[in-house]
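For reference, coords.pdb (PDB, C-alpha atoms, pLDDT in the B column):
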ATOM      1  CA  HIS A  11       0.000   0.000   0.000  1.00 79.00           C
ATOM      2  CA  SER A  12       1.205   3.494  -0.880  1.00 83.00           C
ATOM      3  CA  LEU A  13       4.913   4.025  -0.156  1.00 86.00           C
ATOM      4  CA  GLY A  14       5.220   0.429   1.059  1.00 87.00           C
ATOM      5  CA  SER A  15       4.505  -0.702  -2.498  1.00 88.00           C
ATOM      6  CA  VAL A  16       7.495   1.336  -3.732  1.00 89.00           C
ATOM      7  CA  ILE A  17       9.719  -0.368  -1.150  1.00 89.00           C
ATOM      8  CA  LEU A  18       8.410  -3.794  -2.183  1.00 90.00           C
ATOM      9  CA  TYR A  19       8.850  -2.909  -5.871  1.00 90.00           C
ATOM     10  CA  ASP A  20      12.507  -2.024  -5.205  1.00 88.00           C
ATOM     11  CA  ILE A  21      13.012  -5.319  -3.369  1.00 89.00           C
ATOM     12  CA  LEU A  22      11.337  -7.341  -6.145  1.00 90.00           C
ATOM     13  CA  VAL A  23      13.115  -5.592  -9.009  1.00 87.00           C
ATOM     14  CA  ASN A  24      16.461  -6.395  -7.382  1.00 85.00           C
ATOM     15  CA  GLN A  25      15.784 -10.105  -6.822  1.00 85.00           C
ATOM     16  CA  THR A  26      17.608 -12.786  -8.753  1.00 80.00           C
ATOM     17  CA  PRO A  27      15.798 -15.875  -9.975  1.00 73.00           C
ATOM     18  CA  ALA A  28      15.996 -18.893  -7.680  1.00 64.00           C
ATOM     19  CA  ASN A  29      17.294 -21.375 -10.251  1.00 66.00           C
ATOM     20  CA  GLU A  30      18.874 -21.506 -13.705  1.00 63.00           C
ATOM     21  CA  GLU A  31      15.586 -22.472 -15.432  1.00 68.00           C
ATOM     22  CA  GLU A  32      13.805 -19.414 -14.025  1.00 61.00           C
ATOM     23  CA  ALA A  33      16.766 -17.196 -14.942  1.00 58.00           C
ATOM     24  CA  LEU A  34      16.685 -18.416 -18.554  1.00 64.00           C
ATOM     25  CA  ARG A  35      12.912 -17.905 -18.786  1.00 62.00           C
ATOM     26  CA  ASN A  36      13.126 -14.321 -17.479  1.00 57.00           C
ATOM     27  CA  GLU A  37      16.078 -13.574 -19.750  1.00 58.00           C
ATOM     28  CA  ALA A  38      14.114 -14.820 -22.770  1.00 62.00           C
ATOM     29  CA  GLU A  39      11.118 -12.673 -21.824  1.00 57.00           C
ATOM     30  CA  ASN A  40      13.253  -9.541 -21.571  1.00 53.00           C
ATOM     31  CA  ARG A  41      15.788 -10.258 -24.363  1.00 55.00           C
ATOM     32  CA  ASN A  42      13.981  -8.387 -27.154  1.00 47.00           C
ATOM     33  CA  THR A  43      13.653  -5.084 -25.350  1.00 44.00           C
ATOM     34  CA  GLU A  44      15.993  -2.143 -24.967  1.00 45.00           C
ATOM     35  CA  LYS A  45      14.611  -1.386 -21.521  1.00 44.00           C
ATOM     36  CA  LYS A  46      16.013  -3.130 -18.482  1.00 43.00           C
ATOM     37  CA  ASN A  47      14.228  -4.723 -15.546  1.00 39.00           C
ATOM     38  CA  VAL A  48      16.277  -2.801 -13.039  1.00 45.00           C
ATOM     39  CA  CYS A  49      15.813   0.627 -11.549  1.00 47.00           C
ATOM     40  CA  ILE A  50      18.485   3.017 -12.732  1.00 48.00           C
ATOM     41  CA  SER A  51      19.362   5.309  -9.834  1.00 51.00           C
ATOM     42  CA  GLY A  52      18.854   9.019 -10.218  1.00 53.00           C
ATOM     43  CA  THR A  53      21.390  11.554  -9.045  1.00 53.00           C
ATOM     44  CA  GLY A  54      22.131  11.444  -5.358  1.00 54.00           C
ATOM     45  CA  GLN A  55      20.340   8.130  -4.780  1.00 58.00           C
ATOM     46  CA  MET A  56      22.109   5.571  -2.601  1.00 60.00           C
ATOM     47  CA  SER A  57      23.022   2.180  -3.988  1.00 66.00           C
ATOM     48  CA  ILE A  58      21.390  -0.512  -1.848  1.00 73.00           C
ATOM     49  CA  GLN A  59      22.298  -4.204  -1.719  1.00 73.00           C
ATOM     50  CA  TYR A  60      19.006  -6.132  -1.453  1.00 76.00           C
ATOM     51  CA  GLU A  61      18.831  -9.525   0.225  1.00 78.00           C
ATOM     52  CA  LYS A  62      17.188 -12.405  -1.609  1.00 79.00           C
ATOM     53  CA  LEU A  63      13.682 -13.161  -0.351  1.00 80.00           C
ATOM     54  CA  THR A  64      13.320 -16.556   1.325  1.00 79.00           C
ATOM     55  CA  PHE A  65       9.863 -17.106  -0.184  1.00 82.00           C
ATOM     56  CA  PRO A  66       8.483 -16.945  -3.725  1.00 83.00           C
ATOM     57  CA  VAL A  67       6.338 -14.035  -4.886  1.00 87.00           C
ATOM     58  CA  SER A  68       3.941 -14.924  -7.703  1.00 87.00           C
ATOM     59  CA  PHE A  69       1.994 -11.691  -8.016  1.00 90.00           C
ATOM     60  CA  PHE A  70       2.554  -8.197  -6.691  1.00 91.00           C
ATOM     61  CA  PHE A  71      -0.605  -6.238  -5.896  1.00 91.00           C
ATOM     62  CA  ALA A  72       0.233  -2.550  -5.446  1.00 90.00           C
ATOM     63  CA  ILE A  73      -2.585  -0.580  -3.825  1.00 89.00           C
ATOM     64  CA  GLY A  74      -2.597   3.221  -4.004  1.00 87.00           C
ATOM     65  CA  SER A  75       0.963   3.111  -5.268  1.00 88.00           C
ATOM     66  CA  PRO A  76       3.205   5.984  -6.385  1.00 89.00           C
ATOM     67  CA  ILE A  77       5.610   3.546  -8.152  1.00 88.00           C
ATOM     68  CA  ALA A  78       5.210   5.317 -11.511  1.00 87.00           C
ATOM     69  CA  MET A  79       6.083   8.680  -9.986  1.00 88.00           C
ATOM     70  CA  PHE A  80       9.193   7.268  -8.287  1.00 88.00           C
ATOM     71  CA  LEU A  81      10.300   5.572 -11.529  1.00 87.00           C
ATOM     72  CA  THR A  82       9.891   8.879 -13.380  1.00 86.00           C
ATOM     73  CA  VAL A  83      11.891  10.740 -10.710  1.00 86.00           C
ATOM     74  CA  ARG A  84      14.623   8.093 -11.095  1.00 83.00           C
ATOM     75  CA  GLY A  85      14.847   8.908 -14.797  1.00 86.00           C
ATOM     76  CA  ILE A  86      12.858   5.949 -16.142  1.00 85.00           C
ATOM     77  CA  THR A  87      10.514   7.395 -18.747  1.00 84.00           C
ATOM     78  CA  SER A  88       9.146   4.148 -20.181  1.00 85.00           C
ATOM     79  CA  LEU A  89       8.863   0.418 -19.582  1.00 85.00           C
ATOM     80  CA  ALA A  90       8.740  -2.359 -22.149  1.00 84.00           C
ATOM     81  CA  SER A  91       5.285  -3.666 -23.032  1.00 80.00           C
ATOM     82  CA  ASP A  92       6.449  -7.131 -21.927  1.00 81.00           C
ATOM     83  CA  TYR A  93       7.989  -5.804 -18.700  1.00 81.00           C
ATOM     84  CA  VAL A  94       8.187  -8.350 -15.886  1.00 83.00           C
ATOM     85  CA  LEU A  95       9.850  -8.354 -12.507  1.00 85.00           C
ATOM     86  CA  PRO A  96      12.778 -10.811 -12.300  1.00 84.00           C
ATOM     87  CA  THR A  97      11.091 -13.280  -9.919  1.00 84.00           C
ATOM     88  CA  CYS A  98       7.436 -12.217 -10.023  1.00 85.00           C
ATOM     89  CA  LYS A  99       5.032 -13.221 -12.813  1.00 83.00           C
ATOM     90  CA  GLY A 100       2.566 -10.404 -12.438  1.00 84.00           C
ATOM     91  CA  LEU A 101       2.057  -6.884 -11.157  1.00 85.00           C
ATOM     92  CA  LEU A 102      -1.360  -5.355 -10.604  1.00 85.00           C
ATOM     93  CA  ASN A 103      -1.604  -1.659  -9.739  1.00 85.00           C
ATOM     94  CA  ILE A 104      -4.886  -0.947  -7.926  1.00 85.00           C
ATOM     95  CA  PHE A 105      -5.687   2.702  -7.317  1.00 81.00           C
ATOM     96  CA  HIS A 106      -8.567   5.103  -6.871  1.00 78.00           C
ATOM     97  CA  PRO A 107      -8.687   7.901  -9.450  1.00 76.00           C
ATOM     98  CA  TYR A 108      -9.174  10.467  -6.657  1.00 79.00           C
ATOM     99  CA  ASP A 109      -6.179   9.204  -4.630  1.00 81.00           C
ATOM    100  CA  PRO A 110      -3.596  12.026  -4.637  1.00 82.00           C
ATOM    101  CA  VAL A 111      -0.725   9.582  -3.958  1.00 83.00           C
ATOM    102  CA  ALA A 112      -1.507   6.825  -6.486  1.00 83.00           C
ATOM    103  CA  TYR A 113      -0.222   6.956 -10.057  1.00 82.00           C
ATOM    104  CA  ARG A 114      -0.918   4.817 -13.113  1.00 82.00           C
ATOM    105  CA  LEU A 115       1.808   2.547 -14.508  1.00 82.00           C
ATOM    106  CA  GLU A 116       0.184   2.152 -17.937  1.00 81.00           C
ATOM    107  CA  PRO A 117       1.452   5.483 -19.383  1.00 80.00           C
ATOM    108  CA  LEU A 118       5.029   4.327 -18.722  1.00 83.00           C
ATOM    109  CA  ILE A 119       4.354   1.244 -20.832  1.00 81.00           C
ATOM    110  CA  ASP A 120       2.296   2.974 -23.528  1.00 80.00           C
ATOM    111  CA  PRO A 121       2.253   6.805 -23.569  1.00 79.00           C
ATOM    112  CA  LYS A 122      -0.872   6.760 -25.783  1.00 80.00           C
ATOM    113  CA  TRP A 123      -2.879   4.915 -23.105  1.00 76.00           C
ATOM    114  CA  THR A 124      -6.246   6.667 -22.884  1.00 76.00           C
ATOM    115  CA  VAL A 125      -8.474   4.136 -21.146  1.00 77.00           C
ATOM    116  CA  ALA A 126     -10.180   5.717 -18.154  1.00 76.00           C
ATOM    117  CA  PRO A 127      -9.755   4.060 -14.755  1.00 71.00           C
ATOM    118  CA  VAL A 128     -12.593   1.782 -13.708  1.00 70.00           C
ATOM    119  CA  LEU A 129     -14.373   2.527 -10.440  1.00 67.00           C
ATOM    120  CA  LEU A 130     -14.724  -0.686  -8.478  1.00 65.00           C
ATOM    121  CA  PRO A 131     -17.549  -1.018  -5.959  1.00 63.00           C
ATOM    122  CA  HIS A 132     -16.574  -0.407  -2.352  1.00 60.00           C
ATOM    123  CA  HIS A 133     -16.414  -3.518  -0.172  1.00 60.00           C
ATOM    124  CA  LYS A 134     -19.870  -2.646   1.174  1.00 61.00           C
ATOM    125  CA  GLY A 135     -21.285  -2.296  -2.337  1.00 57.00           C
ATOM    126  CA  ARG A 136     -20.730   1.437  -2.611  1.00 58.00           C
ATOM    127  CA  ARG A 137     -18.989   3.009  -5.590  1.00 60.00           C
ATOM    128  CA  LYS A 138     -17.469   5.740  -3.416  1.00 60.00           C
ATOM    129  CA  ARG A 139     -15.779   5.803  -0.065  1.00 63.00           C
ATOM    130  CA  LEU A 140     -17.975   6.749   2.864  1.00 62.00           C
ATOM    131  CA  HIS A 141     -16.557  10.270   3.291  1.00 65.00           C
ATOM    132  CA  LEU A 142     -17.207  11.034  -0.407  1.00 70.00           C
ATOM    133  CA  GLU A 143     -20.764   9.712  -0.087  1.00 68.00           C
ATOM    134  CA  LEU A 144     -21.213  11.889   3.008  1.00 72.00           C
ATOM    135  CA  ILE A 145     -19.997  14.966   1.122  1.00 75.00           C
ATOM    136  CA  ASP A 146     -22.372  14.166  -1.757  1.00 76.00           C
ATOM    137  CA  GLY A 147     -25.216  13.569   0.701  1.00 74.00           C
ATOM    138  CA  LEU A 148     -24.546  16.836   2.492  1.00 77.00           C
ATOM    139  CA  SER A 149     -24.440  18.759  -0.774  1.00 78.00           C
ATOM    140  CA  LYS A 150     -27.730  17.126  -1.807  1.00 78.00           C
ATOM    141  CA  ALA A 151     -29.207  18.007   1.598  1.00 76.00           C
ATOM    142  CA  THR A 152     -27.979  21.580   1.197  1.00 78.00           C
ATOM    143  CA  ASP A 153     -29.547  21.712  -2.281  1.00 79.00           C
ATOM    144  CA  LEU A 154     -32.815  20.311  -0.894  1.00 78.00           C
ATOM    145  CA  LYS A 155     -32.742  22.821   1.975  1.00 82.00           C
ATOM    146  CA  GLN A 156     -32.142  25.672  -0.485  1.00 84.00           C
ATOM    147  CA  LYS A 157     -35.030  24.473  -2.677  1.00 85.00           C
ATOM    148  CA  MET A 158     -37.324  24.316   0.355  1.00 86.00           C
ATOM    149  CA  VAL A 159     -36.270  27.821   1.458  1.00 87.00           C
ATOM    150  CA  ASP A 160     -36.792  29.126  -2.101  1.00 88.00           C
ATOM    151  CA  THR A 161     -40.218  27.459  -2.299  1.00 89.00           C
ATOM    152  CA  PHE A 162     -41.237  28.867   1.098  1.00 88.00           C
ATOM    153  CA  LYS A 163     -39.966  32.324   0.092  1.00 91.00           C
ATOM    154  CA  ASN A 164     -41.896  32.213  -3.213  1.00 88.00           C
ATOM    155  CA  THR A 165     -45.015  31.025  -1.369  1.00 90.00           C
ATOM    156  CA  MET A 166     -44.733  33.877   1.143  1.00 89.00           C
ATOM    157  CA  ILE A 167     -44.225  36.387  -1.686  1.00 89.00           C
ATOM    158  CA  SER A 168     -47.317  35.010  -3.459  1.00 88.00           C
ATOM    159  CA  ILE A 169     -49.379  35.200  -0.249  1.00 89.00           C
ATOM    160  CA  THR A 170     -48.125  38.742   0.454  1.00 89.00           C
ATOM    161  CA  ASP A 171     -48.955  39.815  -3.117  1.00 86.00           C
ATOM    162  CA  PHE A 172     -52.411  38.222  -2.812  1.00 84.00           C
ATOM    163  CA  VAL A 173     -53.085  39.928   0.537  1.00 86.00           C
ATOM    164  CA  GLN A 174     -51.888  43.291  -0.770  1.00 85.00           C
ATOM    165  CA  SER A 175     -54.001  42.993  -3.924  1.00 84.00           C
ATOM    166  CA  TYR A 176     -57.010  41.921  -1.801  1.00 78.00           C
ATOM    167  CA  ARG A 177     -56.504  44.882   0.576  1.00 79.00           C
ATOM    168  CA  GLY A 178     -56.128  47.141  -2.422  1.00 74.00           C
ATOM    169  CA  SER A 179     -59.394  45.921  -3.918  1.00 71.00           C
ATOM    170  CA  ILE A 180     -61.244  46.311  -0.564  1.00 72.00           C
ATOM    171  CA  SER A 181     -59.945  49.877  -0.004  1.00 69.00           C
ATOM    172  CA  ALA A 182     -60.811  50.806  -3.609  1.00 67.00           C
ATOM    173  CA  SER A 183     -64.365  49.518  -3.175  1.00 67.00           C
ATOM    174  CA  THR A 184     -64.933  51.415   0.124  1.00 66.00           C
ATOM    175  CA  SER A 185     -63.766  54.715  -1.180  1.00 61.00           C
TER     176      SER A 185
END

Conversion result in structure tokens:
Amino acid sequence: HSLGSVILYDILVNQTPANEEEALRNEAENRNTEKKNVCISGTGQMSIQYEKLTFPVSFFFAIGSPIAMFLTVRGITSLASDYVLPTCKGLLNIFHPYDPVAYRLEPLIDPKWTVAPVLLPHHKGRRKRLHLELIDGLSKATDLKQKMVDTFKNTMISITDFVQSYRGSISASTS
């Protein structure tokens, strides 16, 4: 989640395959691309020696991740369309389009990517988080309140106009 996904990405990108067969398979997948599967450090960035994980990682689910922003800051402007992590078969970047920290990875792979993000239902069946629903509900309540006030005001104006016209007709008839 969030910055933790960047840390995990750095760990995974610096892993070496467990055996020769896996190394050959990953090399074949990345052979036909000019881009590398390693993060190239930007200026002033420390070089870190990563330890090999003692467990396999099949898929990496990044949630609300700024990985794309950190890659861009590091000078990586694009990734190969067949990009894979050295020891991980898949990467799924899950983000909310209103999350100010999360960034899309797709534009690094294909700059012409224009598909809009898909809103997934909230775990309780909502399409928005509770605080966004509350804001929407409050704005709807404010709109409803304003409509009621406007209706009451218009009704009072109509009654006042009616009373004034009635008084005017009574005083005209008595004079």

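Between Ser91 of chain A and the residues A:Ile167, A:Ala126, A:Met79, A:Leu118, the shortest atom-to-atom distance, using all atoms listed in the file, involves A:Leu118.
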
Subject >> Gap from atom CA of Leu101 of chain A to atom CA of Ala72 of chain A - Å, one decimal >> reply: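 Here the two named atoms are 7.4 Å from each other.
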
Original post:
How far is it from atom CA of Val125 of chain A to atom CA of Leu142 of chain A, in Å with one decimal?
Top reply: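 Going from atom CA of Val125 of chain A over to atom CA of Leu142 of chain A, I get 23.5 Å.
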
**OP:** Carefully work through the PyMOL selection byres ((chain A and resi 120-123) around 12) for this structure and note down the residues it includes, as an MDAnalysis selection string.
**Re:** chainID A and resid 87:93 114:119 124:127

**OP:** State, in Å with one decimal place, the distance from atom CA of Val128 of chain A to atom CA of His106 of chain A.
**Re:**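 Separating atom CA of Val128 of chain A from atom CA of His106 of chain A is a distance of 8.6 Å.
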
**OP:** Using the chain letters and numbering of this document, enumerate as a VMD selection string the residues selected by the PyMOL selection byres ((chain A and resi 17) around 12).
**Re:** chain A and resid 11 to 16 18 to 24 58 60 70 72 75 to 77 80 to 81

Can I get the selection written as a PDB file, in the frame of the given file, with C-alpha atoms?
ATOM      1  CA  HIS A  11       0.000   0.000   0.000  1.00 79.00           C
ATOM      2  CA  SER A  12       1.205   3.494  -0.880  1.00 83.00           C
ATOM      3  CA  LEU A  13       4.913   4.025  -0.156  1.00 86.00           C
ATOM      4  CA  GLY A  14       5.220   0.429   1.059  1.00 87.00           C
ATOM      5  CA  SER A  15       4.505  -0.702  -2.498  1.00 88.00           C
ATOM      6  CA  VAL A  16       7.495   1.336  -3.732  1.00 89.00           C
ATOM      7  CA  LEU A  18       8.410  -3.794  -2.183  1.00 90.00           C
ATOM      8  CA  TYR A  19       8.850  -2.909  -5.871  1.00 90.00           C
ATOM      9  CA  ASP A  20      12.507  -2.024  -5.205  1.00 88.00           C
ATOM     10  CA  ILE A  21      13.012  -5.319  -3.369  1.00 89.00           C
ATOM     11  CA  LEU A  22      11.337  -7.341  -6.145  1.00 90.00           C
ATOM     12  CA  VAL A  23      13.115  -5.592  -9.009  1.00 87.00           C
ATOM     13  CA  ASN A  24      16.461  -6.395  -7.382  1.00 85.00           C
ATOM     14  CA  ILE A  58      21.390  -0.512  -1.848  1.00 73.00           C
ATOM     15  CA  TYR A  60      19.006  -6.132  -1.453  1.00 76.00           C
ATOM     16  CA  PHE A  70       2.554  -8.197  -6.691  1.00 91.00           C
ATOM     17  CA  ALA A  72       0.233  -2.550  -5.446  1.00 90.00           C
ATOM     18  CA  SER A  75       0.963   3.111  -5.268  1.00 88.00           C
ATOM     19  CA  PRO A  76       3.205   5.984  -6.385  1.00 89.00           C
ATOM     20  CA  ILE A  77       5.610   3.546  -8.152  1.00 88.00           C
ATOM     21  CA  PHE A  80       9.193   7.268  -8.287  1.00 88.00           C
ATOM     22  CA  LEU A  81      10.300   5.572 -11.529  1.00 87.00           C
TER      23      LEU A  81
END

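Against the coordinates shown, the PyMOL selection byres ((chain A and resi 112) around 6) returns Gly74, Ser75, Pro76, Phe105, Asp109, Pro110, Val111 and Tyr113 of chain A.
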
Specify the axis-aligned box that encloses all atoms of segment 155-171 of chain A listed in the file after padding of 8 Å on each side, stating its centre and edge lengths in Å to one decimal as lines of an AutoDock Vina configuration file.
center_x = -40.8
center_y = 31.3
center_z = -0.7
size_x = 33.2
size_y = 33.0
size_z = 21.4
